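Quick look at start-v5.txt (compact mmCIF, C-alpha atoms):
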# COMPACT_ATOMS: atom_id res chain seq x y z
CA MET N 1 116.22 72.68 87.27
CA LYS N 2 114.60 75.05 84.78
CA PHE N 3 112.47 78.11 85.56
CA GLN N 4 110.88 80.87 83.56
CA VAL N 5 112.12 83.99 85.31
CA SER N 6 110.75 87.49 84.74
CA LEU N 7 111.80 90.67 86.46
CA LEU N 8 109.98 93.98 86.25
CA VAL N 9 111.81 97.04 87.49
CA SER N 10 109.54 99.77 88.86
CA LEU N 11 109.58 102.93 88.77
CA SER N 12 111.38 106.29 88.88
CA LEU N 13 111.37 108.32 92.09
CA GLY N 14 109.73 111.20 90.22
CA VAL N 15 106.68 109.04 89.57
CA ILE N 16 106.57 107.70 93.10
CA VAL N 17 106.34 111.07 94.79
CA GLY N 18 103.21 112.48 93.19
CA ALA N 19 101.14 109.43 92.39
CA PHE N 20 98.86 109.37 95.44
CA SER N 21 95.14 110.02 95.07
CA PRO N 22 92.41 108.59 97.27
CA ALA N 23 90.55 105.54 96.05
CA PRO N 24 86.76 105.75 95.75
CA GLN N 25 85.46 105.81 99.31
CA THR N 26 83.62 102.94 100.88
CA ARG N 27 81.65 103.37 104.12
CA ARG N 28 84.62 101.92 105.98
CA GLN N 29 87.06 104.33 104.33
CA SER N 30 84.82 107.30 105.10
CA ASP N 31 84.76 106.23 108.75
CA VAL N 32 88.56 106.06 108.70
CA ARG N 33 88.87 109.62 107.38
CA MET N 34 86.35 110.95 109.90
CA GLY N 35 88.29 109.16 112.65
CA MET N 36 91.52 110.86 111.56
CA LEU N 37 89.87 114.27 111.46
CA GLY N 38 88.30 113.66 114.83
CA SER N 39 91.67 112.70 116.32
CA ALA N 40 93.28 115.82 114.86
CA SER N 41 90.52 118.03 116.30
CA LYS N 42 90.89 116.45 119.73
CA ALA N 43 94.65 116.95 119.61
CA ILE N 44 94.23 120.66 118.84
CA THR N 45 91.68 121.05 121.64
CA ARG N 46 93.97 119.31 124.14
CA ALA N 47 96.82 121.58 123.04
CA GLY N 48 95.07 124.74 124.19
CA GLY N 49 91.29 124.88 124.03
CA PRO N 50 89.67 127.25 121.49
CA VAL N 51 91.94 127.65 118.50
CA THR N 52 92.36 131.02 116.84
CA VAL N 53 93.32 131.36 113.19
CA GLY N 54 96.79 132.59 114.18
CA ALA N 55 97.34 129.71 116.60
CA ALA N 56 96.14 127.19 114.03
CA ALA N 57 98.52 128.64 111.43
CA ALA N 58 101.43 128.49 113.86
CA ALA N 59 100.55 124.91 114.76
CA ALA N 60 100.36 124.01 111.08
CA ALA N 61 103.79 125.56 110.44
CA ALA N 62 105.31 123.75 113.40
CA GLY N 63 103.65 120.54 112.28
CA THR N 64 105.08 120.93 108.78
CA ILE N 65 108.58 121.38 110.18
CA GLY N 66 108.11 118.35 112.42
CA VAL N 67 106.81 116.19 109.58
CA LYS N 68 109.69 117.25 107.33
CA PHE N 69 112.18 116.37 110.05
CA ILE N 70 110.62 112.92 110.43
CA LEU N 71 110.44 112.29 106.69
CA ASP N 72 114.03 113.42 106.15
CA ARG N 73 115.46 110.64 108.29
CA PRO N 74 114.85 106.89 108.17
CA SER N 75 112.33 105.96 110.85
CA ARG N 76 111.55 102.31 110.05
CA LYS N 77 114.76 100.43 110.82
CA TYR N 78 114.74 96.63 110.80
CA GLU N 79 113.88 95.27 114.24
CA GLU N 80 112.39 91.98 115.34
CA GLY N 81 108.71 92.10 114.34
CA SER N 82 108.87 95.67 113.03
CA VAL N 83 107.41 94.98 109.57
CA ALA N 84 104.49 92.92 110.89
CA ARG N 85 103.82 95.41 113.67
CA GLU N 86 103.64 98.43 111.36
CA TYR N 87 101.49 96.72 108.73
CA ASP N 88 99.17 95.44 111.45
CA ALA N 89 98.69 99.02 112.66
CA TRP N 90 98.23 100.47 109.17
CA THR N 91 95.72 97.76 108.28
CA GLN N 92 93.74 98.25 111.46
CA ASP N 93 93.67 102.02 110.86
CA GLY N 94 92.66 101.48 107.23
CA ILE N 95 95.10 104.16 106.09
CA LEU N 96 96.77 102.19 103.28
CA GLU N 97 93.53 100.78 101.95
CA TYR N 98 91.97 104.24 102.00
CA TYR N 99 94.69 105.85 99.89
CA TRP N 100 95.98 102.88 97.89
CA GLY N 101 92.91 100.69 97.47
CA GLU N 102 93.30 96.91 97.57
CA HIS N 103 96.70 96.94 95.86
CA ILE N 104 99.56 98.26 97.99
CA HIS N 105 101.93 98.77 95.08
CA LEU N 106 102.59 101.29 92.33
CA GLY N 107 100.86 101.57 88.96
CA TYR N 108 101.74 101.11 85.30
CA TYR N 109 101.88 104.01 82.85
CA THR N 110 102.56 103.86 79.14
CA LYS N 111 104.95 106.30 77.48
CA GLU N 112 101.94 108.18 76.08
CA GLU N 113 100.31 108.36 79.52
CA MET N 114 103.52 109.70 81.02
CA GLU N 115 103.85 112.34 78.31
CA ALA N 116 100.21 113.39 78.76
CA GLY N 117 100.72 113.59 82.53
CA TYR N 118 100.51 110.46 84.64
CA LYS N 119 98.28 112.17 87.22
CA LYS N 120 95.50 112.19 84.62
CA LYS N 121 95.28 108.42 84.89
CA ASP N 122 93.31 106.93 87.76
CA PHE N 123 95.78 105.59 90.32
CA ILE N 124 93.69 102.50 91.07
CA GLU N 125 93.29 101.67 87.37
CA ALA N 126 97.06 101.99 86.96
CA LYS N 127 97.56 99.34 89.64
CA TYR N 128 95.36 96.84 87.81
CA ASP N 129 97.25 97.63 84.61
CA PHE N 130 100.46 96.93 86.49
CA VAL N 131 99.24 93.46 87.48
CA ASP N 132 98.22 92.77 83.87
CA GLU N 133 101.66 93.84 82.66
CA MET N 134 103.32 91.54 85.19
CA MET N 135 101.16 88.68 83.94
CA LYS N 136 102.27 89.36 80.38
CA LEU N 137 105.90 89.62 81.41
CA GLY N 138 105.71 86.34 83.31
CA GLY N 139 103.93 84.50 80.51
CA ILE N 140 100.95 83.85 82.77
CA ASP N 141 98.04 82.83 80.55
CA VAL N 142 94.43 82.47 81.69
CA GLN N 143 94.03 79.25 79.70
CA ALA N 144 97.42 77.61 80.12
CA ASP N 145 97.49 78.40 83.85
CA LYS N 146 93.85 77.82 84.76
CA GLN N 147 94.83 74.92 87.08
CA ALA N 148 97.92 76.62 88.50
CA LYS N 149 98.95 76.75 92.13
CA VAL N 150 100.06 80.34 92.70
CA LEU N 151 102.02 81.89 95.57
CA ASP N 152 101.83 85.67 96.16
CA VAL N 153 104.81 86.58 98.38
CA GLY N 154 104.06 89.67 100.45
CA CYS N 155 100.39 89.83 99.54
CA GLY N 156 99.28 92.83 101.63
CA VAL N 157 95.49 92.84 101.94
CA GLY N 158 95.30 90.41 99.04
CA GLY N 159 94.25 92.64 96.14
CA THR N 160 96.59 90.99 93.63
CA SER N 161 95.94 87.48 94.98
CA ARG N 162 92.20 87.89 94.49
CA TYR N 163 92.68 89.48 91.07
CA LEU N 164 94.82 86.53 89.92
CA ALA N 165 92.32 84.06 91.38
CA LYS N 166 89.51 85.72 89.42
CA LYS N 167 91.52 85.97 86.19
CA LEU N 168 92.74 82.36 86.25
CA GLY N 169 89.37 80.97 87.30
CA SER N 170 88.05 78.61 89.93
CA GLY N 171 90.44 75.81 88.94
CA ALA N 172 93.44 77.83 90.08
CA ASP N 173 94.52 78.00 93.70
CA VAL N 174 96.13 81.23 94.93
CA THR N 175 97.87 81.55 98.30
CA GLY N 176 98.99 84.91 99.67
CA ILE N 177 101.48 85.19 102.52
CA THR N 178 102.34 88.15 104.75
CA LEU N 179 103.86 88.73 108.18
CA SER N 180 100.82 90.74 109.28
CA PRO N 181 97.90 88.92 110.97
CA ASN N 182 95.68 91.95 110.39
CA GLN N 183 96.42 91.85 106.66
CA VAL N 184 95.48 88.16 106.55
CA LYS N 185 92.23 88.95 108.38
CA ARG N 186 91.36 91.82 106.01
CA ALA N 187 92.39 89.87 102.89
CA THR N 188 90.18 86.96 103.95
CA GLU N 189 87.24 89.30 104.66
CA LEU N 190 87.52 90.79 101.17
CA ALA N 191 87.80 87.35 99.57
CA VAL N 192 84.53 86.35 101.25
CA GLU N 193 82.84 89.64 100.31
CA GLN N 194 83.96 89.31 96.67
CA GLU N 195 83.20 85.56 96.54
CA VAL N 196 86.72 84.46 95.66
CA PRO N 197 87.05 81.09 97.46
CA ASN N 198 90.21 80.10 95.57
CA ALA N 199 92.25 82.89 97.19
CA LYS N 200 93.51 82.06 100.68
CA PHE N 201 95.88 83.83 103.03
CA GLN N 202 98.40 82.85 105.68
CA VAL N 203 100.76 84.51 108.13
CA MET N 204 104.21 83.34 107.08
CA ASN N 205 107.80 84.55 106.93
CA ALA N 206 108.88 84.74 103.29
CA LEU N 207 112.49 84.10 104.35
CA LYS N 208 111.57 80.80 105.95
CA MET N 209 108.43 79.39 104.34
CA ASP N 210 106.60 76.33 105.65
CA PHE N 211 105.81 74.99 102.16
CA PRO N 212 107.56 71.87 100.83
CA ASP N 213 109.98 72.14 97.92
CA ASN N 214 108.41 72.40 94.44
CA SER N 215 104.96 73.42 95.71
CA PHE N 216 103.87 76.11 93.23
CA ASP N 217 103.48 76.50 89.47
CA ILE N 218 103.75 80.29 89.74
CA VAL N 219 105.58 82.39 92.31
CA TRP N 220 104.65 86.07 92.25
CA ALA N 221 106.35 88.89 94.15
CA CYS N 222 105.31 92.51 93.70
CA GLU N 223 107.30 95.14 95.61
CA SER N 224 107.80 92.94 98.67
CA GLY N 225 111.55 92.48 98.33
CA GLU N 226 112.07 96.02 99.56
CA HIS N 227 110.97 94.85 103.02
CA MET N 228 113.27 91.83 103.17
CA PRO N 229 116.42 92.18 105.31
CA ASP N 230 118.04 89.20 103.56
CA LYS N 231 117.54 89.50 99.79
CA LYS N 232 119.37 86.26 99.00
CA ALA N 233 117.21 84.23 101.39
CA TYR N 234 114.14 85.89 99.83
CA ILE N 235 115.09 84.71 96.33
CA ASP N 236 116.35 81.31 97.50
CA GLU N 237 113.08 80.54 99.28
CA MET N 238 110.96 81.51 96.29
CA MET N 239 113.10 79.32 94.03
CA ARG N 240 112.84 76.45 96.50
CA VAL N 241 109.04 76.36 96.50
CA LEU N 242 108.73 76.92 92.72
CA LYS N 243 108.19 73.74 90.72
CA PRO N 244 110.71 72.78 88.01
CA GLY N 245 109.54 74.51 84.83
CA GLY N 246 107.43 76.94 86.86
CA LYS N 247 106.99 80.67 86.33
CA PHE N 248 108.54 83.32 88.54
CA VAL N 249 107.68 87.01 88.14
CA MET N 250 108.87 89.79 90.41
CA ALA N 251 108.55 93.57 90.44
CA THR N 252 111.00 95.52 92.55
CA TRP N 253 112.46 98.98 93.01
CA CYS N 254 116.01 99.19 91.67
CA GLN N 255 118.72 101.81 91.62
CA ARG N 256 119.21 103.19 88.12
CA ASP N 257 122.52 102.95 86.28
CA ASP N 258 124.41 106.11 87.22
CA ARG N 259 127.38 105.69 84.87
CA GLU N 260 126.04 108.09 82.24
CA VAL N 261 124.06 110.42 84.50
CA PRO N 262 125.72 110.48 87.93
CA PHE N 263 123.60 110.88 91.06
CA ASP N 264 123.44 114.39 92.47
CA GLU N 265 123.46 115.04 96.21
CA LYS N 266 119.67 114.86 96.48
CA ASP N 267 119.65 111.50 94.65
CA LYS N 268 122.28 110.16 97.04
CA ARG N 269 120.34 111.40 100.06
CA ASP N 270 117.08 109.88 98.80
CA LEU N 271 118.75 106.53 98.04
CA LYS N 272 120.41 106.45 101.47
CA PHE N 273 117.00 107.05 103.03
CA LEU N 274 115.43 104.20 101.03
CA TYR N 275 118.27 101.78 101.76
CA GLU N 276 118.15 102.43 105.50
CA GLU N 277 114.35 102.09 105.68
CA TRP N 278 112.49 98.88 105.12
Exercise: express the given structure as structure tokens:
Amino acid sequence: MKFQVSLLVSLSLGVIVGAFSPAPQTRRQSDVRMGMLGSASKAITRAGGPVTVGAAAAAAAAGTIGVKFILDRPSRKYEEGSVAREYDAWTQDGILEYYWGEHIHLGYYTKEEMEAGYKKKDFIEAKYDFVDEMMKLGGIDVQADKQAKVLDVGCGVGGTSRYLAKKLGSGADVTGITLSPNQVKRATELAVEQEVPNAKFQVMNALKMDFPDNSFDIVWACESGEHMPDKKAYIDEMMRVLKPGGKFVMATWCQRDDREVPFDEKDKRDLKFLYEEW
């Protein structure tokens, strides 16, 4: 059996930390932010009525310490249903879509953009560039693949699935799968709003897919492997549903080679955190 396999390694921890900037606000996103602010105000009021400047400062300091404590230890351990449950909640809240837009993955930056300062580049634009770079890496061509059956494994709210469906045209058929029913609901809503009928979404476990063998011309996986408790089953299932001669492209976070520049204690602590989280 012969496949075209492409792997894109993304990105350094230094880029990950500072790359967040809110996407342009929709009415829904504005409502989300107001809801968060309203909840915060209610919490302060419940904590002690009228809030003085000094009390607010003390609360902020205590909150910062509490947040640091939470962020310094893994809090999302693998449990039955934990991934679906968390993404359901985040999708219902709108928090990921508000900050990340339709694409819940990192962006692409050229060497020149990095040297100029990656924060100068629009975060949402960088995500679309990342998808385009993955297409190039995987040899996905808008003409050659205009009739392709595509599987997006770990599709989130479907931003990449819809983008591929638009790029490849109405003759292509794109299926996105996720464990989260709320993500499927939101992805389908956006597909209807954006008039992308050839992008469809299903709740499905990527480690045990319902599709027959050799079902797809292209299997696409962008930063979903990080959530998979069994990496071998993840790869095996994607290879099983990929047609002979099909195209497989995956982007994933990887540990850098530390033989020339060893990890310092902070690196080791950060990696341990990432390995223990999903």
What is the distance between atom CA of Arg162 of chain N and atom CA of His227 of chain N, in Å to one decimal? 21.8 Å
Taking 6 positions as the minimum chain separation for residues in the same chain, which residues sit within 6 Å of segment 211-215 of chain N when counting all atoms listed in the file? Answer as a VMD selection string. chain N and resid 240 to 243
What does the distance between atom CA of Arg85 of chain N and atom CA of Ser180 of chain N come to in Å, to one decimal place?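 Those two atoms sit 7.1 Å apart.
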Quick one, how far is atom CA of Lys166 of chain N from atom CA of Ala199 of chain N?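 So the two atoms, atom CA of Lys166 of chain N and atom CA of Ala199 of chain N, lie 8.7 Å apart.
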Interface rows for segment 167-214 of chain N against segment 151-158 of chain N: nearest pair, Å to one decimal, 6 Å, all atoms listed in the file, as JSON lines:
{"residue": "N:Val174", "atom": "CA", "partner": "N:Leu151", "partner_atom": "CA", "distance": 6.0}
{"residue": "N:Thr175", "atom": "CA", "partner": "N:Leu151", "partner_atom": "CA", "distance": 5.0}
{"residue": "N:Gly176", "atom": "CA", "partner": "N:Asp152", "partner_atom": "CA", "distance": 4.6}
{"residue": "N:Ile177", "atom": "CA", "partner": "N:Val153", "partner_atom": "CA", "distance": 5.5}
{"residue": "N:Thr178", "atom": "CA", "partner": "N:Gly154", "partner_atom": "CA", "distance": 4.9}
{"residue": "N:Gln183", "atom": "CA", "partner": "N:Val157", "partner_atom": "CA", "distance": 4.9}
{"residue": "N:Arg186", "atom": "CA", "partner": "N:Val157", "partner_atom": "CA", "distance": 5.9}
{"residue": "N:Ala187", "atom": "CA", "partner": "N:Val157", "partner_atom": "CA", "distance": 4.4}
Go ahead and save the residues from that selection, with C-alpha atoms, as a PDB file, in the frame of the given file.
ATOM      1  CA  VAL N 174      96.130  81.230  94.930  1.00  0.00           C
ATOM      2  CA  THR N 175      97.870  81.550  98.300  1.00  0.00           C
ATOM      3  CA  GLY N 176      98.990  84.910  99.670  1.00  0.00           C
ATOM      4  CA  ILE N 177     101.480  85.190 102.520  1.00  0.00           C
ATOM      5  CA  THR N 178     102.340  88.150 104.750  1.00  0.00           C
ATOM      6  CA  GLN N 183      96.420  91.850 106.660  1.00  0.00           C
ATOM      7  CA  ARG N 186      91.360  91.820 106.010  1.00  0.00           C
ATOM      8  CA  ALA N 187      92.390  89.870 102.890  1.00  0.00           C
TER       9      ALA N 187
END
Would you list the contacts of Thr188 of chain N as a list of chain:residue names, taking every protein, DNA or RNA residue within 8 Å and counting all atoms listed in the file, but skipping same-chain residues closer than 2 positions in sequence? N:Gly158, N:Val184, N:Lys185, N:Arg186, N:Leu190, N:Ala191, N:Val192, N:Lys200, N:Phe201
Hey, could you make a per-residue contact list for segment 158-228 of chain N against segment 111-127 of chain N with 12 Å as the cut-off, showing the nearest pair of atoms and its distance in Å to one decimal, counting only C-alpha atoms, sorted by chain and number, as a Markdown table?
| residue | atom | partner | partner_atom | distance |
| --- | --- | --- | --- | --- |
| N:Gly159 | CA | N:Lys127 | CA | 9.9 |
| N:Thr160 | CA | N:Lys127 | CA | 9.3 |
| N:Tyr163 | CA | N:Lys127 | CA | 11.1 |
| N:Cys222 | CA | N:Lys127 | CA | 11.1 |
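Of the residues under consideration (N:Val203, N:Phe273, N:Glu133, N:Gly138), N:Glu133 shows the shortest atom-to-atom contact distance to Tyr109 of chain N when counting only C-alpha atoms.
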